[in-house]
Amino acid sequence: MGKGPREGRSCGASGSAALALLRLGLDSDNGSEFINQHLYTYCHREGITFTPSRSYKKNDSCHVEQKDWSVVRRLVGYDRYSSRAALQTLSRVYDLLRLYLNFFQPVVKLVTGTRQGAKVHNLYDTPRTPYQRLPEGGVLTEAKRQQLAAIYHGLSPVLLLRQINSGRWQNTLLSNKGKLKPMVLQ
C-alpha cells in the first residue's frame with residue numbers, strides 16, 4: 001500500500017466515502033506509518049482535526065488494540081502479505097467485513113459501572129448493531145438514512161460470511177506462511 005501521498009489520498013478518500021457521518025477528527029498512533037506530512041496535509045486540506053496519541057501514554061489506544069484483536073487478528077491472523085494480489089484480496093475482505101459488522105453484528109454498550117469493594121458490577125444496554133444505533137445520534141440526514149436502508153436491504157449476512165471466508169482462504173494462499181486456522185465469525 002505504501003505511505004506516499006497518492007496512497008494517503010486514496011485511503012482518505014475511500015475511508016470518507018465509506019463513512020455515513022461527517023469526519024471531524026482523526027486520532028492515530030505515533031508511528032511513522034500513521035503520522036507523516038502527506039496525512040497531515042490531507043487532514044488540513046479537508047478540515048479534519050488530526051491528533052496523535054499522547055507521548056508516553058501507552059494506554060491511550062487500548063480500545064483500538066482490543067478491536068484489532070477481536071476483529072482484524074481473529075480474521076486474518078498475524079501473517080505477512082507482501083504481494084499486490086494479497087493487498088487487493090485483503091481490501092475486498094475488509095470491505096465485506098465492514099458491511100457485516102456494521103449491519104449484522106450486535107454489540108453491547110456499557111451504561112453504568114459501579115464498584116462495591118473489590119467487585120465491579122457493569123450494566124449494559126440491549127445488544128444492537130451499529131446500524132440500529134446510528135439514528136439515535138441525530139447526525140444522519142434523511143438522504144443518508146435512506147441510502148443506508150437501501151444498502152441494508154440489499155445485503156445477506158449468509159452471503160457476506162461466505163464471501164468473507166472465501167477471501168480469507170484466498171489470502172491464506174497469498175500469504176508468506178500459507179496457513180490458516182479455521183475461524184467462524186459469530
# chains A, B, ... in the order shown; residues from 1 in each chain; ligands from 1

$ select_by_dssp --residues "range 30-144 of chain A" --states "helix (DSSP H, G or I)" --output "CSV table (one decimal) with C-alpha atoms, in the first residue's frame"
chain,number,residue,atom,x,y,z
A,37,GLN,CA,3.4,15.0,6.1
A,38,HIS,CA,1.0,13.6,3.5
A,39,LEU,CA,-1.6,12.6,6.1
A,40,TYR,CA,-1.2,15.9,7.9
A,41,THR,CA,-1.6,17.9,4.6
A,42,TYR,CA,-4.7,15.8,3.7
A,43,CYS,CA,-6.3,16.4,7.1
A,44,HIS,CA,-5.5,20.2,7.0
A,45,ARG,CA,-7.0,20.5,3.4
A,46,GLU,CA,-10.2,18.5,4.3
A,58,LYS,CA,0.6,3.8,26.0
A,59,ASN,CA,-3.0,3.2,27.3
A,60,ASP,CA,-4.4,5.8,25.0
A,61,SER,CA,-5.1,3.3,22.2
A,62,CYS,CA,-6.1,0.3,24.3
A,63,HIS,CA,-9.6,0.2,22.8
A,64,VAL,CA,-8.2,0.3,19.3
A,65,GLU,CA,-5.9,-2.6,20.1
A,66,GLN,CA,-8.8,-4.5,21.6
A,67,LYS,CA,-10.7,-4.1,18.3
A,68,ASP,CA,-7.5,-5.1,16.5
A,69,TRP,CA,-7.6,-8.4,18.2
A,70,SER,CA,-11.4,-9.0,18.2
A,71,VAL,CA,-11.8,-8.2,14.5
A,72,VAL,CA,-8.6,-8.0,12.5
A,73,ARG,CA,-6.3,-10.6,14.1
A,74,ARG,CA,-9.1,-13.1,14.5
A,75,LEU,CA,-10.0,-12.7,10.9
A,76,VAL,CA,-6.6,-12.6,9.1
A,84,ARG,CA,-0.3,-6.7,-4.8
A,85,ALA,CA,-2.8,-9.6,-5.2
A,86,ALA,CA,-2.9,-10.2,-1.4
A,87,LEU,CA,-3.5,-6.5,-0.8
A,88,GLN,CA,-6.4,-6.4,-3.2
A,89,THR,CA,-7.9,-9.6,-1.7
A,90,LEU,CA,-7.5,-8.2,1.8
A,91,SER,CA,-9.1,-4.9,0.8
A,92,ARG,CA,-12.2,-6.9,-0.6
A,93,VAL,CA,-12.4,-8.9,2.7
A,94,TYR,CA,-12.3,-5.7,4.8
A,95,ASP,CA,-15.0,-4.0,2.6
A,96,LEU,CA,-17.2,-7.1,3.2
A,97,LEU,CA,-16.3,-7.2,6.8
A,98,ARG,CA,-17.2,-3.6,7.3
A,99,LEU,CA,-20.7,-4.3,6.0
A,100,TYR,CA,-21.1,-7.5,8.0
A,101,LEU,CA,-20.0,-5.9,11.3
A,102,ASN,CA,-21.9,-2.6,11.0
A,103,PHE,CA,-25.2,-4.1,9.7
A,104,PHE,CA,-25.4,-7.6,11.3
A,130,PRO,CA,-24.1,0.0,14.8
A,131,TYR,CA,-26.7,0.5,12.0
A,132,GLN,CA,-29.5,0.3,14.6
A,133,ARG,CA,-27.8,2.7,16.9
A,134,LEU,CA,-26.9,5.3,14.3
A,135,PRO,CA,-30.3,7.1,14.1
A,136,GLU,CA,-30.2,7.9,17.8
A,137,GLY,CA,-27.2,10.2,17.3
A,142,GLU,CA,-32.8,11.8,5.6
A,143,ALA,CA,-30.9,11.1,2.3
A,144,LYS,CA,-28.1,9.3,4.1

$ atom_distance --atom1 "CA of Thr126 in chain A" --atom2 "CA of Asn165 in chain A"
28.4 Å

$ atom_distance --atom1 "CA of Val139 in chain A" --atom2 "CA of Leu155 in chain A"
23.4 Å

$ atom_distance --atom1 "CA of Ser156 in chain A" --atom2 "CA of Thr172 in chain A"
24.4 Å
